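Novice: So here's target-v6.cif (mmCIF, C-alpha atoms and all ligand atoms).
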```
data_protein
loop_
_atom_site.label_atom_id
_atom_site.label_comp_id
_atom_site.auth_asym_id
_atom_site.auth_seq_id
_atom_site.Cartn_x
_atom_site.Cartn_y
_atom_site.Cartn_z
CA MET A 233 126.63 15.64 -91.71
CA THR A 234 123.32 13.86 -91.47
CA VAL A 235 122.79 11.31 -88.72
CA VAL A 236 121.16 7.97 -89.46
CA PHE A 237 118.80 8.08 -86.48
CA PRO A 238 117.77 10.85 -84.10
CA VAL A 239 120.49 11.69 -81.55
CA PRO A 240 119.13 11.03 -78.05
CA PRO A 241 118.98 14.05 -75.75
CA ARG A 242 121.86 14.45 -73.29
CA VAL A 243 121.19 12.78 -69.95
CA THR A 244 120.89 15.44 -67.25
CA VAL A 245 120.27 15.71 -63.51
CA PRO A 246 118.34 18.65 -62.05
CA ILE A 247 120.14 21.03 -59.71
CA ALA A 248 118.29 21.94 -56.52
CA GLN A 249 117.18 25.56 -56.22
CA ARG A 250 118.48 26.46 -59.66
CA ASP A 251 116.87 26.68 -63.05
CA ALA A 252 119.68 24.60 -64.51
CA VAL A 253 120.60 20.97 -65.11
CA PHE A 254 123.86 19.01 -64.83
CA PRO A 255 124.76 17.19 -68.06
CA VAL A 256 126.05 13.71 -67.27
CA ARG A 257 129.14 12.26 -68.96
CA ARG A 258 130.09 9.01 -67.19
CA ILE A 259 128.84 7.15 -64.12
CA TYR A 260 131.47 5.59 -61.88
CA CYS A 261 130.65 3.57 -58.76
CA VAL A 262 132.74 2.51 -55.77
CA GLY A 263 132.39 -1.03 -54.45
CA ARG A 264 132.26 -1.79 -50.70
CA ASN A 265 132.99 1.56 -49.08
CA TYR A 266 131.38 1.12 -45.64
CA ALA A 267 132.89 -1.41 -43.24
CA ALA A 268 129.59 -2.96 -42.13
CA HIS A 269 128.41 -3.39 -45.73
CA ALA A 270 131.79 -4.86 -46.76
CA ARG A 271 131.33 -7.41 -43.96
CA GLU A 272 127.75 -8.24 -44.98
CA MET A 273 129.05 -8.88 -48.53
CA GLY A 274 131.81 -11.13 -47.20
CA GLY A 275 134.71 -8.77 -47.86
CA ASP A 276 137.61 -7.27 -45.98
CA ALA A 277 136.89 -3.74 -44.79
CA ARG A 278 140.44 -2.60 -45.50
CA GLU A 279 140.79 -3.55 -49.13
CA ALA A 280 141.59 -0.75 -51.59
CA PRO A 281 138.61 0.89 -53.30
CA PHE A 282 137.56 -0.59 -56.60
CA PHE A 283 135.43 0.95 -59.28
CA PHE A 284 132.87 -0.09 -61.85
CA GLN A 285 130.67 1.85 -64.25
CA LYS A 286 127.06 2.14 -65.24
CA PRO A 287 125.94 3.46 -68.62
CA THR A 288 124.98 7.14 -68.63
CA ASP A 289 121.46 6.39 -69.85
CA ALA A 290 120.86 4.22 -66.75
CA ILE A 291 120.05 7.48 -64.92
CA VAL A 292 116.49 7.65 -63.59
CA ALA A 293 115.05 10.87 -62.18
CA SER A 294 113.80 10.85 -58.62
CA GLY A 295 110.04 10.40 -58.46
CA SER A 296 110.01 7.97 -61.37
CA SER A 297 108.40 4.56 -61.61
CA ILE A 298 110.49 1.83 -63.20
CA ALA A 299 109.67 -1.67 -64.33
CA TYR A 300 111.10 -4.50 -62.21
CA PRO A 301 114.20 -5.36 -64.25
CA PRO A 302 114.41 -8.57 -66.30
CA VAL A 303 116.45 -11.73 -65.56
CA THR A 304 116.56 -11.27 -61.79
CA THR A 305 114.62 -12.44 -58.78
CA ASN A 306 116.78 -10.52 -56.30
CA LEU A 307 116.78 -6.79 -57.07
CA HIS A 308 118.59 -4.91 -54.26
CA HIS A 309 118.64 -1.27 -53.12
CA GLU A 310 121.92 0.49 -52.25
CA ILE A 311 121.55 4.09 -51.06
CA GLU A 312 124.66 6.14 -51.93
CA LEU A 313 126.06 9.66 -51.86
CA VAL A 314 126.78 10.67 -55.45
CA LEU A 315 129.56 13.16 -56.20
CA ALA A 316 129.30 15.31 -59.32
CA ILE A 317 132.54 16.39 -60.98
CA GLY A 318 132.55 19.99 -62.17
CA GLN A 319 136.22 20.51 -63.07
CA PRO A 320 138.33 18.05 -65.07
CA GLY A 321 141.44 16.51 -63.63
CA PHE A 322 143.95 13.68 -63.83
CA GLU A 323 146.03 12.37 -60.92
CA ILE A 324 144.27 14.75 -58.55
CA ALA A 325 145.87 15.11 -55.12
CA VAL A 326 143.65 14.33 -52.12
CA ALA A 327 144.09 17.93 -50.94
CA ASP A 328 142.91 19.26 -54.33
CA ALA A 329 139.86 17.02 -54.69
CA ARG A 330 137.37 19.56 -53.37
CA ARG A 331 137.81 22.02 -56.22
CA HIS A 332 136.93 19.35 -58.79
CA VAL A 333 133.54 18.57 -57.21
CA PHE A 334 130.48 20.58 -58.22
CA GLY A 335 128.04 19.07 -55.77
CA ALA A 336 126.44 15.90 -54.48
CA ALA A 337 123.15 14.05 -54.60
CA CYS A 338 121.32 11.08 -53.23
CA GLY A 339 121.46 8.05 -55.53
CA ILE A 340 120.49 4.39 -55.55
CA ASP A 341 122.85 1.78 -57.01
CA LEU A 342 120.20 -0.73 -58.06
CA THR A 343 121.73 -4.20 -58.21
CA ARG A 344 120.61 -7.53 -59.63
CA ARG A 345 122.26 -9.28 -56.67
CA ASP A 346 121.74 -12.78 -58.05
CA LEU A 347 123.53 -11.91 -61.27
CA GLN A 348 126.27 -10.02 -59.41
CA ASN A 349 126.88 -13.00 -57.12
CA GLN A 350 126.99 -15.41 -60.06
CA ALA A 351 129.55 -13.15 -61.76
CA LYS A 352 131.64 -12.90 -58.58
CA GLU A 353 131.71 -16.66 -58.13
CA ALA A 354 132.69 -17.21 -61.76
CA GLY A 355 135.27 -14.41 -61.81
CA LYS A 356 133.26 -12.69 -64.55
CA PRO A 357 132.49 -8.97 -65.08
CA TRP A 358 129.74 -7.28 -63.05
CA GLU A 359 127.90 -5.46 -65.84
CA CYS A 360 124.84 -7.72 -65.89
CA GLY A 361 124.42 -7.29 -62.14
CA LYS A 362 125.13 -3.57 -61.97
CA ALA A 363 124.90 -1.79 -65.32
CA PHE A 364 121.39 -2.64 -66.48
CA ASP A 365 118.74 -0.24 -67.79
CA ALA A 366 117.35 2.19 -65.18
CA SER A 367 119.90 1.04 -62.60
CA ALA A 368 120.97 4.53 -61.49
CA PRO A 369 118.16 6.53 -59.84
CA ILE A 370 119.31 9.93 -58.56
CA GLY A 371 117.82 12.95 -56.83
CA ALA A 372 118.56 16.61 -57.50
CA LEU A 373 122.19 17.70 -57.23
CA HIS A 374 123.04 20.02 -54.37
CA GLU A 375 125.74 22.43 -55.41
CA LEU A 376 128.50 22.84 -52.82
CA ALA A 377 128.96 26.42 -51.66
CA ALA A 378 132.36 27.84 -52.58
CA SER A 379 133.54 27.62 -48.98
CA ALA A 380 131.98 24.21 -48.26
CA PRO A 381 134.20 21.15 -47.79
CA LEU A 382 133.41 17.77 -49.31
CA PRO A 383 130.77 15.85 -47.33
CA ARG A 384 132.38 14.10 -44.34
CA ALA A 385 129.43 13.17 -42.13
CA GLY A 386 125.67 12.99 -42.21
CA ARG A 387 122.92 10.45 -41.82
CA ILE A 388 122.19 8.34 -44.91
CA THR A 389 118.99 6.29 -44.89
CA LEU A 390 116.79 4.22 -47.14
CA ARG A 391 113.21 3.18 -46.49
CA VAL A 392 111.07 0.66 -48.35
CA ASN A 393 107.33 1.28 -47.96
CA GLY A 394 108.19 3.43 -44.95
CA GLU A 395 110.27 0.75 -43.21
CA LEU A 396 113.85 1.78 -42.37
CA ARG A 397 116.22 -0.62 -44.17
CA GLN A 398 119.54 1.25 -44.35
CA ASP A 399 120.66 3.73 -41.69
CA GLY A 400 124.28 4.80 -41.84
CA ASP A 401 126.51 7.83 -41.66
CA LEU A 402 128.83 9.27 -44.29
CA ALA A 403 131.48 9.38 -41.55
CA ASP A 404 131.67 5.58 -41.81
CA MET A 405 132.92 5.57 -45.38
CA ILE A 406 136.16 3.59 -45.58
CA TRP A 407 137.49 5.93 -48.27
CA GLY A 408 136.42 9.56 -47.97
CA CYS A 409 135.14 11.66 -50.86
CA ASP A 410 138.54 13.32 -51.36
CA GLU A 411 140.33 9.95 -51.47
CA ILE A 412 137.78 8.51 -53.92
CA VAL A 413 138.22 11.43 -56.33
CA ALA A 414 142.02 11.15 -56.04
CA GLN A 415 142.10 7.38 -56.56
CA LEU A 416 139.60 7.32 -59.42
CA SER A 417 141.51 10.14 -61.17
CA ARG A 418 144.63 7.95 -61.26
CA LEU A 419 142.73 5.41 -63.36
CA PHE A 420 140.70 7.75 -65.58
CA ARG A 421 140.89 11.42 -66.49
CA LEU A 422 137.84 12.91 -64.81
CA GLU A 423 135.74 15.37 -66.79
CA ALA A 424 132.95 17.77 -65.94
CA GLY A 425 129.74 15.78 -65.93
CA ASP A 426 131.13 12.63 -64.35
CA LEU A 427 129.15 11.17 -61.44
CA ILE A 428 130.63 8.96 -58.72
CA TYR A 429 128.36 6.71 -56.63
CA THR A 430 130.42 6.39 -53.45
CA GLY A 431 129.21 3.10 -51.97
CA THR A 432 126.45 2.03 -49.63
CA PRO A 433 126.12 1.45 -45.88
CA ALA A 434 124.88 -1.84 -44.45
CA GLY A 435 121.31 -3.03 -44.77
CA VAL A 436 121.02 -3.73 -48.48
CA GLY A 437 118.16 -6.01 -49.36
CA PRO A 438 115.53 -7.01 -51.89
CA ILE A 439 112.80 -4.83 -53.33
CA ALA A 440 109.67 -6.07 -55.07
CA ARG A 441 107.04 -4.92 -57.52
CA GLY A 442 104.85 -2.24 -55.95
CA ASP A 443 107.51 -1.07 -53.48
CA LEU A 444 108.15 2.59 -52.76
CA VAL A 445 111.85 3.23 -52.18
CA GLU A 446 112.90 6.45 -50.44
CA GLY A 447 116.50 7.47 -49.83
CA LYS A 448 117.71 10.51 -47.93
CA ILE A 449 121.06 12.06 -47.00
CA ASP A 450 121.34 14.94 -44.53
CA GLY A 451 122.11 18.05 -46.52
CA PHE A 452 121.84 16.40 -49.91
CA GLY A 453 118.14 15.89 -50.40
CA ASP A 454 116.42 12.67 -51.28
CA VAL A 455 115.55 10.20 -54.00
CA THR A 456 112.33 8.29 -54.43
CA LEU A 457 111.48 5.43 -56.73
CA ARG A 458 108.50 3.20 -57.36
CA ILE A 459 108.97 -0.33 -58.72
CA ASN A 460 106.24 -1.58 -61.08
MN MN B 501 126.94 0.25 -54.61
#
```
Output the file's structure in the form of structure tokens.

Specialist:
Amino acid sequence: MTVVFPVPPRVTVPIAQRDAVFPVRRIYCVGRNYAAHAREMGGDAREAPFFFQKPTDAIVASGSSIAYPPVTTNLHHEIELVLAIGQPGFEIAVADARRHVFGAACGIDLTRRDLQNQAKEAGKPWECGKAFDASAPIGALHELAASAPLPRAGRITLRVNGELRQDGDLADMIWGCDEIVAQLSRLFRLEAGDLIYTGTPAGVGPIARGDLVEGKIDGFGDVTLRIN
């Protein structure tokens, strides 16, 4: 069968220390998963996790420059641990979550905070605030060793032009990686290639044209981004 326009190449993420890439299927994100960030956003730290999606082609490779996105004057950074699903599953038990995860990376959930806040206030969907073009920068995936557990602790930081803006620890996640995989898999059948942005610690804030954004997570590399 002929196609009526060229099929775009599959979106992929590089894998650290391997000559291989991870083909991306879907991008899921967790809202408010660190108590201090939930408080800074005006939420209750104990509410159940909720999920939203970004389009797969919102992925941006670490080291890229992106244009300041349109229709916002309040672009925010959110540094996040990103889980990569390697084995499909539905209604995964918390105790079985580990075997479905291929690895993890450092990602940034770029957010048009003004549009997100307008949507929240109006009870409207979040897509315009969260799922815009180039809204999902990500660093190389770090494959988990066969014997390694899911990440439970580790410093997670984000700097803008060298200034420390976010400084948290994975141990402060309200819902752990195993619980996120289990809960998300009750809503959607997870497939190899799915990515899950697991929420951000406190300290989110605006970024401007010309800024250099650098995120880092102990054991899971880094992600850098320039805004033009
Ligand atoms: Mn986020």

Novice: Have a look at CA of Leu307 in chain A and CA of Gly361 in chain A and let me know their distance in Å, one decimal.

Specialist: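 Between these atoms lies a distance of 9.2 Å.
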
Novice: Counting all atoms listed in the file, which residues of range 345-452 of chain A fall within 12 Å of range 293-306 of chain A, and what is the closest atom pair for each with its distance in Å at one decimal, ordered by chain and rising number, as CSV?

Specialist:
```
residue,atom,partner,partner_atom,distance
A:Arg345,CA,A:Asn306,CA,5.6
A:Asp346,CA,A:Asn306,CA,5.7
A:Leu347,CA,A:Thr304,CA,7.0
A:Gln348,CA,A:Asn306,CA,10.0
A:Asn349,CA,A:Asn306,CA,10.4
A:Gln350,CA,A:Thr304,CA,11.4
A:Cys360,CA,A:Val303,CA,9.3
A:Gly361,CA,A:Thr304,CA,8.8
A:Lys362,CA,A:Pro301,CA,11.3
A:Ala363,CA,A:Pro301,CA,11.3
A:Phe364,CA,A:Pro301,CA,8.0
A:Asp365,CA,A:Pro301,CA,7.7
A:Ala366,CA,A:Ile298,CA,7.1
A:Ser367,CA,A:Pro301,CA,8.7
A:Ala368,CA,A:Ala293,CA,8.7
A:Pro369,CA,A:Ala293,CA,5.8
A:Ile370,CA,A:Ser294,CA,5.6
A:Gly371,CA,A:Ser294,CA,4.9
A:Ala372,CA,A:Ser294,CA,7.6
A:Leu373,CA,A:Ser294,CA,10.9
A:Val436,CA,A:Asn306,CA,11.2
A:Gly437,CA,A:Asn306,CA,8.4
A:Pro438,CA,A:Asn306,CA,5.8
A:Ile439,CA,A:Asn306,CA,7.6
A:Ala440,CA,A:Tyr300,CA,7.4
A:Arg441,CA,A:Tyr300,CA,6.2
A:Gly442,CA,A:Tyr300,CA,9.1
A:Asp443,CA,A:Ser297,CA,9.9
A:Leu444,CA,A:Ser297,CA,9.1
A:Val445,CA,A:Gly295,CA,9.7
A:Glu446,CA,A:Ser294,CA,9.3
A:Gly447,CA,A:Ser294,CA,9.8
A:Lys448,CA,A:Ser294,CA,11.4
```

Novice: Go through range 275-325 of chain A and flag each residue having an atom no more than 12 Å from range 376-384 of chain A; for those, report the closest pair of atoms plus their distance in Å to one decimal, using all atoms listed in the file, ordered by chain and rising number, as a Markdown table.

Specialist:
```
| residue | atom | partner | partner_atom | distance |
| --- | --- | --- | --- | --- |
| A:Leu313 | CA | A:Pro383 | CA | 9.0 |
| A:Val314 | CA | A:Pro383 | CA | 10.4 |
| A:Leu315 | CA | A:Leu382 | CA | 9.1 |
| A:Ala316 | CA | A:Leu376 | CA | 10.0 |
| A:Ile317 | CA | A:Leu376 | CA | 11.2 |
| A:Gly318 | CA | A:Leu376 | CA | 10.6 |
```

Novice: Can you work out the spacing between CA of Gly408 in chain A and CA of Ala329 in chain A in Å, to one decimal?

Specialist: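 Going from CA of Gly408 in chain A over to CA of Ala329 in chain A, I get 10.6 Å.
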
Novice: Let me see if you get this right: every residue at most 9 Å from ligand MN 501 (chain B), counting only C-alpha atoms and all ligand atoms, written as a PDB file with C-alpha atoms, in the coordinates of the input.

Specialist:
```pdb
ATOM      1  CA  CYS A 261     130.650   3.570 -58.760  1.00  0.00           C
ATOM      2  CA  VAL A 262     132.740   2.510 -55.770  1.00  0.00           C
ATOM      3  CA  GLY A 263     132.390  -1.030 -54.450  1.00  0.00           C
ATOM      4  CA  ARG A 264     132.260  -1.790 -50.700  1.00  0.00           C
ATOM      5  CA  ASN A 265     132.990   1.560 -49.080  1.00  0.00           C
ATOM      6  CA  HIS A 309     118.640  -1.270 -53.120  1.00  0.00           C
ATOM      7  CA  GLU A 310     121.920   0.490 -52.250  1.00  0.00           C
ATOM      8  CA  ILE A 311     121.550   4.090 -51.060  1.00  0.00           C
ATOM      9  CA  GLU A 312     124.660   6.140 -51.930  1.00  0.00           C
ATOM     10  CA  ILE A 340     120.490   4.390 -55.550  1.00  0.00           C
ATOM     11  CA  ASP A 341     122.850   1.780 -57.010  1.00  0.00           C
ATOM     12  CA  LEU A 342     120.200  -0.730 -58.060  1.00  0.00           C
ATOM     13  CA  THR A 343     121.730  -4.200 -58.210  1.00  0.00           C
ATOM     14  CA  LYS A 362     125.130  -3.570 -61.970  1.00  0.00           C
ATOM     15  CA  TYR A 429     128.360   6.710 -56.630  1.00  0.00           C
ATOM     16  CA  THR A 430     130.420   6.390 -53.450  1.00  0.00           C
ATOM     17  CA  GLY A 431     129.210   3.100 -51.970  1.00  0.00           C
ATOM     18  CA  THR A 432     126.450   2.030 -49.630  1.00  0.00           C
ATOM     19  CA  PRO A 433     126.120   1.450 -45.880  1.00  0.00           C
TER      20      PRO A 433
END
```

Novice: So the first atom is CA of Glu323 in chain A and the second is CA of Glu423 in chain A; what is the distance between them in Å, to one decimal place?

Specialist: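 About the pair CA of Glu323 in chain A and CA of Glu423 in chain A: they are 12.2 Å apart.
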
Novice: List the spatial neighbours of Leu396 in chain A as a compact mmCIF listing (two decimals) with C-alpha atoms, in the coordinates of the input - criterion: any atom at most 10 Å away, all atoms listed in the file, same-chain residues fewer than 4 positions off excluded.

Specialist:
```
# COMPACT_ATOMS: atom_id res chain seq x y z
CA THR A 389 118.99 6.29 -44.89
CA LEU A 390 116.79 4.22 -47.14
CA ARG A 391 113.21 3.18 -46.49
CA VAL A 392 111.07 0.66 -48.35
CA GLY A 435 121.31 -3.03 -44.77
CA GLU A 446 112.90 6.45 -50.44
CA GLY A 447 116.50 7.47 -49.83
```

Novice: Please identify all polymer residues within 6 Å of range 412-421 of chain A, counting only C-alpha atoms, omitting same-chain residues fewer than 2 positions from it, and present them as a PyMOL selection string.

Specialist: chain A and resi 321-326+409-410
